[in-house]
file entry-v9.pdb (PDB, C-alpha atoms)
MODEL        1
ATOM      1  CA  MET B  85       0.000   0.000   0.000
ATOM      2  CA  ALA B  86       1.226   3.453  -0.802
ATOM      3  CA  THR B  87       2.412   5.736   1.909
ATOM      4  CA  PRO B  88      -0.434   7.812   3.256
ATOM      5  CA  GLY B  89      -0.130  11.300   1.963
ATOM      6  CA  ALA B  90       1.643  10.285  -1.204
ATOM      7  CA  GLY B  91       0.370  12.574  -3.861
ATOM      8  CA  HIS B  92      -1.189  14.986  -1.427
ATOM      9  CA  GLU B  93      -1.372  18.398  -2.965
ATOM     10  CA  ALA B  94       0.613  21.323  -1.652
ATOM     11  CA  SER B  95      -1.213  24.540  -0.824
ATOM     12  CA  HIS B  96      -2.990  25.979  -3.824
ATOM     13  CA  PRO B  97      -2.191  29.501  -5.085
ATOM     14  CA  SER B  98      -3.895  32.574  -3.680
ATOM     15  CA  PRO B  99      -6.802  34.281  -5.508
ATOM     16  CA  ALA B 100      -4.381  37.061  -6.473
ATOM     17  CA  LYS B 101      -2.134  34.541  -8.205
ATOM     18  CA  TYR B 102      -5.125  33.031 -10.022
ATOM     19  CA  ALA B 103      -6.018  36.531 -11.241
ATOM     20  CA  ALA B 104      -2.417  37.105 -12.362
ATOM     21  CA  ILE B 105      -2.579  33.881 -14.402
ATOM     22  CA  ALA B 106      -5.824  35.124 -15.984
ATOM     23  CA  VAL B 107      -4.096  38.364 -17.003
ATOM     24  CA  ILE B 108      -1.251  36.380 -18.587
ATOM     25  CA  LEU B 109      -3.762  34.161 -20.434
ATOM     26  CA  SER B 110      -5.597  37.248 -21.720
ATOM     27  CA  VAL B 111      -2.375  38.845 -22.925
ATOM     28  CA  ILE B 112      -1.346  35.644 -24.734
ATOM     29  CA  THR B 113      -4.788  35.484 -26.393
ATOM     30  CA  ALA B 114      -4.408  39.098 -27.534
ATOM     31  CA  VAL B 115      -0.952  38.305 -28.939
ATOM     32  CA  GLU B 116      -2.359  35.243 -30.749
ATOM     33  CA  VAL B 117      -4.953  37.369 -32.497
ATOM     34  CA  TRP B 118      -2.478  40.173 -33.219
ATOM     35  CA  VAL B 119       0.116  37.916 -34.876
ATOM     36  CA  VAL B 120      -2.368  36.498 -37.399
ATOM     37  CA  TYR B 121      -2.782  40.002 -38.842
ATOM     38  CA  VAL B 122       0.952  40.745 -39.110
ATOM     39  CA  GLU B 123       1.988  39.973 -42.674
ATOM     40  CA  ALA B 124       5.684  39.892 -41.815
ATOM     41  CA  LEU B 125       5.063  36.872 -39.575
ATOM     42  CA  ALA B 126       3.087  34.916 -42.178
ATOM     43  CA  GLY B 127       5.882  32.407 -42.765
ATOM     44  CA  VAL B 128       6.306  31.512 -39.102
ATOM     45  CA  LEU B 129       2.725  31.928 -37.972
ATOM     46  CA  LEU B 130       1.975  28.250 -37.354
ATOM     47  CA  PRO B 131       4.919  27.661 -34.971
ATOM     48  CA  ILE B 132       4.152  30.921 -33.140
ATOM     49  CA  LEU B 133       0.482  29.978 -32.712
ATOM     50  CA  ALA B 134       1.469  26.482 -31.571
ATOM     51  CA  VAL B 135       3.811  27.830 -28.882
ATOM     52  CA  LEU B 136       1.269  30.390 -27.640
ATOM     53  CA  SER B 137      -1.535  27.833 -27.580
ATOM     54  CA  ILE B 138       0.588  25.247 -25.736
ATOM     55  CA  THR B 139       1.620  27.918 -23.214
ATOM     56  CA  LYS B 140      -2.026  28.755 -22.461
ATOM     57  CA  PHE B 141      -2.879  25.057 -22.257
ATOM     58  CA  ALA B 142      -0.025  24.467 -19.809
ATOM     59  CA  LEU B 143      -0.866  27.482 -17.632
ATOM     60  CA  VAL B 144      -4.483  26.366 -17.196
ATOM     61  CA  GLY B 145      -3.415  22.776 -16.512
ATOM     62  CA  MET B 146      -0.666  23.669 -14.058
ATOM     63  CA  PHE B 147      -2.359  26.413 -12.062
ATOM     64  CA  TYR B 148      -6.139  26.175 -12.494
ATOM     65  CA  MET B 149      -6.237  22.369 -12.608
ATOM     66  CA  HIS B 150      -3.508  22.300  -9.944
ATOM     67  CA  LEU B 151      -1.309  19.770 -11.732
ATOM     68  CA  LYS B 152       1.725  21.738 -10.553
ATOM     69  CA  PHE B 153       0.710  21.108  -6.953
ATOM     70  CA  ASP B 154      -1.019  17.726  -7.092
ATOM     71  CA  SER B 155       0.279  14.192  -7.346
ATOM     72  CA  ARG B 156       2.456  13.487 -10.355
ATOM     73  CA  LEU B 157       0.238  10.499 -11.093
ATOM     74  CA  PHE B 158      -2.516  12.914 -12.136
ATOM     75  CA  SER B 159      -0.065  14.730 -14.419
ATOM     76  CA  ALA B 160       1.136  11.432 -15.872
ATOM     77  CA  MET B 161      -2.449  10.356 -16.470
ATOM     78  CA  PHE B 162      -3.335  13.571 -18.286
ATOM     79  CA  VAL B 163      -0.076  14.073 -20.188
ATOM     80  CA  GLY B 164      -0.228  10.416 -21.240
ATOM     81  CA  GLY B 165      -3.651  11.028 -22.771
ATOM     82  CA  ILE B 166      -2.425  14.177 -24.506
ATOM     83  CA  VAL B 167       0.642  12.426 -25.946
ATOM     84  CA  LEU B 168      -1.556   9.589 -27.209
ATOM     85  CA  THR B 169      -4.000  12.113 -28.685
ATOM     86  CA  VAL B 170      -1.289  14.091 -30.489
ATOM     87  CA  GLY B 171       0.137  10.802 -31.792
ATOM     88  CA  ILE B 172      -3.256   9.773 -33.153
ATOM     89  CA  ILE B 173      -3.792  13.177 -34.782
ATOM     90  CA  ILE B 174      -0.388  13.039 -36.506
ATOM     91  CA  ALA B 175      -0.888   9.391 -37.532
ATOM     92  CA  LEU B 176      -4.312  10.085 -39.018
ATOM     93  CA  MET B 177      -3.051  13.159 -40.864
ATOM     94  CA  GLY B 178      -0.197  11.094 -42.230
ATOM     95  CA  LEU B 179      -2.545   8.268 -43.185
ATOM     96  CA  PHE B 180      -4.718  10.696 -45.135
ATOM     97  CA  GLN B 181      -1.633  12.253 -46.760
ATOM     98  CA  VAL B 182      -2.161  15.711 -45.295
ATOM     99  CA  PHE B 183       1.610  16.244 -45.204
ATOM    100  CA  VAL B 184       1.998  15.364 -48.902
ATOM    101  CA  ASP B 185       2.066  18.319 -51.319
TER     102      ASP B 185
ATOM    103  CA  MET Z 217       5.184   8.832   8.537
ATOM    104  CA  SER Z 218       3.655  11.964   9.932
ATOM    105  CA  TYR Z 219       1.295  13.761   7.695
ATOM    106  CA  ALA Z 220      -0.269  17.153   8.179
ATOM    107  CA  PRO Z 221      -2.829  18.150   5.574
ATOM    108  CA  ALA Z 222      -2.710  21.703   4.292
ATOM    109  CA  ALA Z 223      -5.505  23.983   5.427
ATOM    110  CA  GLY Z 224      -8.685  23.432   3.470
ATOM    111  CA  HIS Z 225      -7.587  20.126   2.011
ATOM    112  CA  PRO Z 226      -8.903  16.698   2.892
ATOM    113  CA  PRO Z 227      -6.490  14.235   4.508
ATOM    114  CA  ALA Z 228      -4.763  11.600   2.401
ATOM    115  CA  GLU Z 229      -6.929   8.730   1.279
ATOM    116  CA  HIS Z 230      -6.416   5.216   2.567
ATOM    117  CA  THR Z 231      -6.359   3.742  -0.899
ATOM    118  CA  THR Z 232      -3.808   1.670  -2.762
ATOM    119  CA  THR Z 233      -2.506   4.827  -4.419
ATOM    120  CA  GLY Z 234      -2.828   7.171  -1.467
ATOM    121  CA  LEU Z 235      -4.942   9.324  -3.747
ATOM    122  CA  ASN Z 236      -8.642  10.009  -3.802
ATOM    123  CA  HIS Z 237     -10.074   7.588  -6.326
ATOM    124  CA  ARG Z 238     -12.880   9.926  -7.399
ATOM    125  CA  LYS Z 239     -10.273  12.470  -8.397
ATOM    126  CA  LEU Z 240      -8.172   9.794 -10.061
ATOM    127  CA  LEU Z 241     -11.218   8.628 -11.989
ATOM    128  CA  MET Z 242     -11.907  12.195 -13.127
ATOM    129  CA  TRP Z 243      -8.369  12.449 -14.497
ATOM    130  CA  VAL Z 244      -8.791   9.107 -16.280
ATOM    131  CA  PHE Z 245     -12.025  10.416 -17.795
ATOM    132  CA  LEU Z 246     -10.403  13.694 -18.878
ATOM    133  CA  SER Z 247      -7.543  11.735 -20.406
ATOM    134  CA  SER Z 248     -10.008   9.645 -22.397
ATOM    135  CA  ASP Z 249     -11.935  12.777 -23.387
ATOM    136  CA  CYS Z 250      -8.678  14.084 -24.883
ATOM    137  CA  LEU Z 251      -8.850  11.157 -27.292
ATOM    138  CA  PHE Z 252     -12.476  11.933 -28.092
ATOM    139  CA  PHE Z 253     -11.645  15.505 -29.071
ATOM    140  CA  GLY Z 254      -8.455  14.282 -30.726
ATOM    141  CA  THR Z 255     -10.477  12.258 -33.210
ATOM    142  CA  LEU Z 256     -12.738  15.234 -33.971
ATOM    143  CA  ILE Z 257      -9.745  17.559 -34.403
ATOM    144  CA  SER Z 258      -8.032  14.953 -36.622
ATOM    145  CA  THR Z 259     -11.109  14.732 -38.802
ATOM    146  CA  TYR Z 260     -11.297  18.522 -39.090
ATOM    147  CA  LEU Z 261      -7.609  18.752 -40.059
ATOM    148  CA  VAL Z 262      -7.744  15.814 -42.473
ATOM    149  CA  TYR Z 263     -10.625  17.407 -44.401
ATOM    150  CA  ARG Z 264      -9.394  21.006 -44.027
ATOM    151  CA  GLY Z 265      -9.404  22.731 -47.416
ATOM    152  CA  LYS Z 266     -11.054  19.772 -49.163
ATOM    153  CA  SER Z 267     -14.585  21.177 -49.489
ATOM    154  CA  VAL Z 268     -15.576  21.278 -53.158
ATOM    155  CA  VAL Z 269     -18.421  23.745 -52.646
ATOM    156  CA  GLY Z 270     -18.730  26.805 -50.410
ATOM    157  CA  PRO Z 271     -19.164  28.450 -48.110
ATOM    158  CA  TYR Z 272     -15.546  28.113 -47.040
ATOM    159  CA  PRO Z 273     -14.026  28.938 -43.644
ATOM    160  CA  VAL Z 274     -12.612  32.238 -44.871
ATOM    161  CA  ASP Z 275     -16.137  33.292 -45.932
ATOM    162  CA  LEU Z 276     -17.663  32.796 -42.507
ATOM    163  CA  LEU Z 277     -15.218  32.589 -39.612
ATOM    164  CA  ASN Z 278     -15.049  35.804 -37.627
ATOM    165  CA  ILE Z 279     -11.860  35.920 -35.573
ATOM    166  CA  PRO Z 280     -12.642  39.075 -33.521
ATOM    167  CA  TYR Z 281     -16.037  37.665 -32.545
ATOM    168  CA  THR Z 282     -14.581  34.286 -31.544
ATOM    169  CA  THR Z 283     -11.777  36.001 -29.649
ATOM    170  CA  VAL Z 284     -14.396  37.506 -27.361
ATOM    171  CA  SER Z 285     -15.917  34.025 -26.845
ATOM    172  CA  ALA Z 286     -12.473  32.608 -26.085
ATOM    173  CA  PHE Z 287     -11.852  35.416 -23.599
ATOM    174  CA  VAL Z 288     -15.205  34.761 -21.897
ATOM    175  CA  LEU Z 289     -14.381  31.064 -21.486
ATOM    176  CA  LEU Z 290     -10.891  31.865 -20.164
ATOM    177  CA  MET Z 291     -12.394  34.195 -17.571
ATOM    178  CA  SER Z 292     -14.885  31.495 -16.591
ATOM    179  CA  SER Z 293     -11.900  29.320 -15.691
ATOM    180  CA  LEU Z 294     -10.718  32.079 -13.365
ATOM    181  CA  THR Z 295     -14.126  32.387 -11.691
ATOM    182  CA  MET Z 296     -14.329  28.586 -11.376
ATOM    183  CA  VAL Z 297     -11.012  28.333  -9.585
ATOM    184  CA  LEU Z 298     -12.036  31.254  -7.348
ATOM    185  CA  ALA Z 299     -15.187  29.297  -6.438
ATOM    186  CA  LEU Z 300     -13.002  26.359  -5.395
ATOM    187  CA  SER Z 301     -10.674  28.650  -3.496
ATOM    188  CA  ALA Z 302     -13.674  30.129  -1.654
ATOM    189  CA  ILE Z 303     -15.108  26.784  -0.500
ATOM    190  CA  GLN Z 304     -11.658  25.566   0.536
ATOM    191  CA  ARG Z 305     -11.576  28.568   2.870
ATOM    192  CA  GLY Z 306     -15.115  27.759   4.064
ATOM    193  CA  ASP Z 307     -16.544  30.833   2.312
ATOM    194  CA  LEU Z 308     -19.955  29.568   1.148
ATOM    195  CA  ARG Z 309     -21.133  32.970  -0.055
ATOM    196  CA  GLY Z 310     -17.989  33.373  -2.162
ATOM    197  CA  LEU Z 311     -18.540  29.886  -3.608
ATOM    198  CA  ARG Z 312     -22.061  30.788  -4.721
ATOM    199  CA  ILE Z 313     -21.033  34.143  -6.198
ATOM    200  CA  TRP Z 314     -18.200  32.631  -8.248
ATOM    201  CA  LEU Z 315     -20.213  29.558  -9.245
ATOM    202  CA  PHE Z 316     -23.055  31.698 -10.594
ATOM    203  CA  THR Z 317     -20.541  33.977 -12.332
ATOM    204  CA  THR Z 318     -19.017  30.903 -13.987
ATOM    205  CA  VAL Z 319     -22.463  29.696 -15.049
ATOM    206  CA  LEU Z 320     -23.227  33.151 -16.451
ATOM    207  CA  LEU Z 321     -19.988  33.226 -18.446
ATOM    208  CA  GLY Z 322     -20.660  29.671 -19.673
ATOM    209  CA  CYS Z 323     -24.112  30.754 -20.845
ATOM    210  CA  VAL Z 324     -22.637  33.803 -22.602
ATOM    211  CA  PHE Z 325     -20.226  31.486 -24.423
ATOM    212  CA  LEU Z 326     -23.047  29.127 -25.388
ATOM    213  CA  GLY Z 327     -25.210  32.047 -26.512
ATOM    214  CA  GLY Z 328     -22.338  33.209 -28.696
ATOM    215  CA  GLN Z 329     -22.029  29.742 -30.181
ATOM    216  CA  VAL Z 330     -25.762  29.532 -30.910
ATOM    217  CA  PHE Z 331     -25.566  32.941 -32.605
ATOM    218  CA  GLU Z 332     -22.556  31.820 -34.644
ATOM    219  CA  PHE Z 333     -24.233  28.565 -35.709
ATOM    220  CA  THR Z 334     -27.410  30.435 -36.677
ATOM    221  CA  HIS Z 335     -25.381  32.949 -38.674
ATOM    222  CA  PHE Z 336     -23.588  30.130 -40.517
ATOM    223  CA  VAL Z 337     -26.831  28.322 -41.338
ATOM    224  CA  GLN Z 338     -28.345  31.569 -42.629
ATOM    225  CA  HIS Z 339     -25.315  31.917 -44.911
ATOM    226  CA  GLY Z 340     -25.773  28.420 -46.316
ATOM    227  CA  LEU Z 341     -23.472  26.309 -44.142
ATOM    228  CA  THR Z 342     -25.129  23.310 -42.544
ATOM    229  CA  VAL Z 343     -23.768  19.992 -41.358
ATOM    230  CA  LYS Z 344     -24.616  18.559 -44.801
ATOM    231  CA  THR Z 345     -23.337  21.384 -47.022
ATOM    232  CA  ASN Z 346     -19.682  20.360 -47.343
ATOM    233  CA  LEU Z 347     -16.769  18.795 -45.485
ATOM    234  CA  PHE Z 348     -16.070  22.052 -43.644
ATOM    235  CA  GLY Z 349     -19.671  22.186 -42.382
ATOM    236  CA  SER Z 350     -19.678  18.543 -41.251
ATOM    237  CA  THR Z 351     -16.360  18.671 -39.411
ATOM    238  CA  PHE Z 352     -16.837  22.188 -38.014
ATOM    239  CA  PHE Z 353     -20.267  21.537 -36.522
ATOM    240  CA  ALA Z 354     -19.195  18.135 -35.166
ATOM    241  CA  LEU Z 355     -16.123  19.545 -33.423
ATOM    242  CA  THR Z 356     -17.520  22.798 -32.055
ATOM    243  CA  GLY Z 357     -20.954  21.259 -31.431
ATOM    244  CA  PHE Z 358     -19.543  18.532 -29.190
ATOM    245  CA  HIS Z 359     -17.500  21.164 -27.377
ATOM    246  CA  GLY Z 360     -20.668  23.189 -26.850
ATOM    247  CA  LEU Z 361     -22.342  20.052 -25.529
ATOM    248  CA  HIS Z 362     -19.529  19.685 -23.002
ATOM    249  CA  VAL Z 363     -19.987  23.315 -21.919
ATOM    250  CA  THR Z 364     -23.718  22.687 -21.522
ATOM    251  CA  VAL Z 365     -23.065  19.665 -19.308
ATOM    252  CA  GLY Z 366     -20.648  21.812 -17.288
ATOM    253  CA  VAL Z 367     -23.235  24.545 -16.809
ATOM    254  CA  ILE Z 368     -25.802  21.988 -15.587
ATOM    255  CA  TRP Z 369     -23.212  20.456 -13.244
ATOM    256  CA  LEU Z 370     -22.293  23.862 -11.773
ATOM    257  CA  LEU Z 371     -25.955  24.814 -11.360
ATOM    258  CA  SER Z 372     -26.591  21.554  -9.489
ATOM    259  CA  LEU Z 373     -23.594  22.315  -7.250
ATOM    260  CA  ALA Z 374     -24.919  25.810  -6.566
ATOM    261  CA  GLY Z 375     -28.330  24.315  -5.747
ATOM    262  CA  ALA Z 376     -26.714  21.754  -3.441
ATOM    263  CA  SER Z 377     -24.881  24.550  -1.622
ATOM    264  CA  PHE Z 378     -28.257  26.034  -0.606
ATOM    265  CA  ARG Z 379     -29.265  22.638   0.850
ATOM    266  CA  GLY Z 380     -26.067  22.535   2.908
ATOM    267  CA  ALA Z 381     -24.620  19.676   0.872
ATOM    268  CA  VAL Z 382     -21.515  21.613  -0.196
ATOM    269  CA  ARG Z 383     -19.148  22.405   2.642
ATOM    270  CA  GLN Z 384     -15.465  23.010   3.228
ATOM    271  CA  GLU Z 385     -15.016  19.304   4.044
ATOM    272  CA  THR Z 386     -16.651  18.279   0.760
ATOM    273  CA  SER Z 387     -14.770  20.773  -1.419
ATOM    274  CA  LEU Z 388     -13.653  17.862  -3.588
ATOM    275  CA  ASP Z 389     -17.107  17.965  -5.224
ATOM    276  CA  VAL Z 390     -16.346  21.497  -6.416
ATOM    277  CA  GLU Z 391     -12.803  20.545  -7.386
ATOM    278  CA  LEU Z 392     -14.031  17.705  -9.637
ATOM    279  CA  ALA Z 393     -16.518  20.005 -11.373
ATOM    280  CA  GLY Z 394     -13.714  22.537 -11.716
ATOM    281  CA  LEU Z 395     -11.407  19.998 -13.366
ATOM    282  CA  TYR Z 396     -14.105  19.259 -15.939
ATOM    283  CA  TRP Z 397     -14.727  22.964 -16.532
ATOM    284  CA  HIS Z 398     -11.034  23.785 -16.997
ATOM    285  CA  PHE Z 399     -10.720  20.840 -19.379
ATOM    286  CA  VAL Z 400     -13.515  22.289 -21.501
ATOM    287  CA  ASP Z 401     -11.586  25.573 -21.463
ATOM    288  CA  ILE Z 402      -8.300  24.041 -22.626
ATOM    289  CA  VAL Z 403     -10.084  22.156 -25.396
ATOM    290  CA  TRP Z 404     -11.373  25.525 -26.614
ATOM    291  CA  ILE Z 405      -7.816  26.909 -26.505
ATOM    292  CA  VAL Z 406      -6.903  24.207 -29.050
ATOM    293  CA  ILE Z 407     -10.071  24.640 -31.152
ATOM    294  CA  PHE Z 408      -9.622  28.427 -31.228
ATOM    295  CA  THR Z 409      -6.161  27.966 -32.741
ATOM    296  CA  VAL Z 410      -6.828  24.987 -35.009
ATOM    297  CA  VAL Z 411     -10.177  26.096 -36.421
ATOM    298  CA  TYR Z 412     -10.201  29.882 -36.235
ATOM    299  CA  LEU Z 413      -6.695  31.384 -36.097
ATOM    300  CA  VAL Z 414      -5.253  28.936 -38.609
ATOM    301  CA  GLU Z 415      -7.853  30.121 -41.121
ATOM    302  CA  ALA Z 416      -6.572  33.697 -40.919
ATOM    303  CA  PRO Z 417      -5.744  35.266 -44.306
ATOM    304  CA  ASN Z 418      -1.983  35.332 -43.657
ATOM    305  CA  ILE Z 419      -1.698  31.583 -43.068
ATOM    306  CA  VAL Z 420      -0.341  29.767 -46.094
TER     307      VAL Z 420
ENDMDL
END

call {"tool": "encode", "arguments": {"input": "entry-v9.pdb", "output": "structure tokens"}}
result
Amino acid sequence: MATPGAGHEASHPSPAKYAAIAVILSVITAVEVWVVYVEALAGVLLPILAVLSITKFALVGMFYMHLKFDSRLFSAMFVGGIVLTVGIIIALMGLFQVFVD
Amino acid sequence: MSYAPAAGHPPAEHTTTGLNHRKLLMWVFLSSDCLFFGTLISTYLVYRGKSVVGPYPVDLLNIPYTTVSAFVLLMSSLTMVLALSAIQRGDLRGLRIWLFTTVLLGCVFLGGQVFEFTHFVQHGLTVKTNLFGSTFFALTGFHGLHVTVGVIWLLSLAGASFRGAVRQETSLDVELAGLYWHFVDIVWIVIFTVVYLVEAPNIV
């Protein structure tokens, strides 16, 4: 049997920190929308959007869903599902020749 | 081993994992729901740009409008986590205020989605029109369904709080609903990028 307390979450952030995360998320969203209208960034838009989107995803997961403070088993469970999902998306796109010009 | 739970948190569970199995089950469910949305996103991407008749995404998608919806859903995640924070401090009034605010924001998002769907149908895009219509409505429609379930869940929690069924000691009930709500939010973060931003004029 596992040690009692294994995976117990540390103290969650304060409401002020939650609000600070919300400000960061809002700023990233604004940047996402801004970059799609900048012609000079057209060639690198997809990687930029991917990084910004993953950052937002991670911030919500870590702080609002408390993965940063909870048991790593929860993180492993969720990240495992995400890795499997991304793998399936890439495999299906490859299968349907999306990457072929 | 000595163990002192943090204030507002339940003590460790006497389970084989040392974790609360309800919470573990919720994470297993969310992990499986990732796969569900993964298949819908795959389908959208596989058929992206393959519609042989219009209307096409560039004809209909309105990025500024959807940005507001995305912002509303992001803020609902903040209010949801503030509801959890309130009940973990034993603040029942705060819980109710933030829960109802989250429900309100969820309803605003859903209202925006209904308006968007109606607008698309009026402009000739239905689920049967073309591949864009089929994959778009399937993906965003199932997300909207998830938001609807979340709103009902949060309303039932708010109702239970008036019957005294939600207390500081049972804050896990709010935490589980919160996990589901935040998951719905992060799925929209992906959909917002994959469906809307990627269709911007500058993307090649």

call {"tool": "closest_residue", "arguments": {"input": "entry-v9.pdb", "among": "Z:Leu294, Z:Ala376, Z:Ala299, Z:Leu256", "to": "B:Val144", "atoms": "only C-alpha atoms"}}
result
Z:Leu294

call {"tool": "resolve_selection", "arguments": {"input": "entry-v9.pdb", "expression": "the ChimeraX specification (/B :<7) & /Z", "output": "number ranges by chain"}}
result
Z: 219, 222, 228-230, 232-235, 240, 243-244, 247-248, 250-251, 254-255, 258, 262, 287, 291, 294, 297-298, 395, 398, 402, 405-406, 409, 413, 416, 418-419

call {"tool": "atom_distance", "arguments": {"input": "entry-v9.pdb", "atom1": "atom CA of Z:Ile257", "atom2": "atom CA of Z:Thr342"}}
result
18.3 Å

call {"tool": "resolve_selection", "arguments": {"input": "entry-v9.pdb", "expression": "the PyMOL selection byres ((chain Z and resi 283) around 12)", "output": "number ranges by chain"}}
result
B: 110-118; Z: 277-282, 284-290, 325, 328, 404-405, 407-409, 412-413

call {"tool": "residues_around", "arguments": {"input": "entry-v9.pdb", "residues": "Z:Lys344", "least_positions_apart": "5", "cutoff": "12 Å", "atoms": "all atoms listed in the file", "output": "VMD selection string"}}
result
chain Z and resid 267 269 to 271 337 349 to 354

call {"tool": "atom_distance", "arguments": {"input": "entry-v9.pdb", "atom1": "atom CA of Z:Gly340", "atom2": "atom CA of Z:Thr259"}}
result
21.4 Å

call {"tool": "resolve_selection", "arguments": {"input": "entry-v9.pdb", "expression": "the PyMOL selection byres ((chain Z and resi 359) around 10)", "output": "PyMOL selection string"}}
result
chain Z and resi 253+326+353-358+360-365+400-401+403-404+407

call {"tool": "residues_around", "arguments": {"input": "entry-v9.pdb", "residues": "Z:Ser372", "least_positions_apart": "6", "cutoff": "12 Å", "atoms": "all atoms listed in the file", "output": "PyMOL selection string"}}
result
chain Z and resi 312+315-316+319+365-366+378-379+381-382+389-390+393

call {"tool": "atom_distance", "arguments": {"input": "entry-v9.pdb", "atom1": "atom CA of Z:Tyr396", "atom2": "atom CA of Z:Ala302"}}
result
18.0 Å

call {"tool": "residues_around", "arguments": {"input": "entry-v9.pdb", "residues": "stretch 273-276 of chain Z", "least_positions_apart": "4", "cutoff": "9 Å", "atoms": "only C-alpha atoms", "output": "CSV table (one decimal) with C-alpha atoms, in the coordinates of the input"}}
result
chain,number,residue,atom,x,y,z
Z,265,GLY,CA,-9.4,22.7,-47.4
Z,335,HIS,CA,-25.4,32.9,-38.7
Z,336,PHE,CA,-23.6,30.1,-40.5
Z,339,HIS,CA,-25.3,31.9,-44.9
Z,341,LEU,CA,-23.5,26.3,-44.1
Z,348,PHE,CA,-16.1,22.1,-43.6
Z,349,GLY,CA,-19.7,22.2,-42.4
Z,411,VAL,CA,-10.2,26.1,-36.4
Z,412,TYR,CA,-10.2,29.9,-36.2
Z,415,GLU,CA,-7.9,30.1,-41.1
Z,416,ALA,CA,-6.6,33.7,-40.9
Z,417,PRO,CA,-5.7,35.3,-44.3
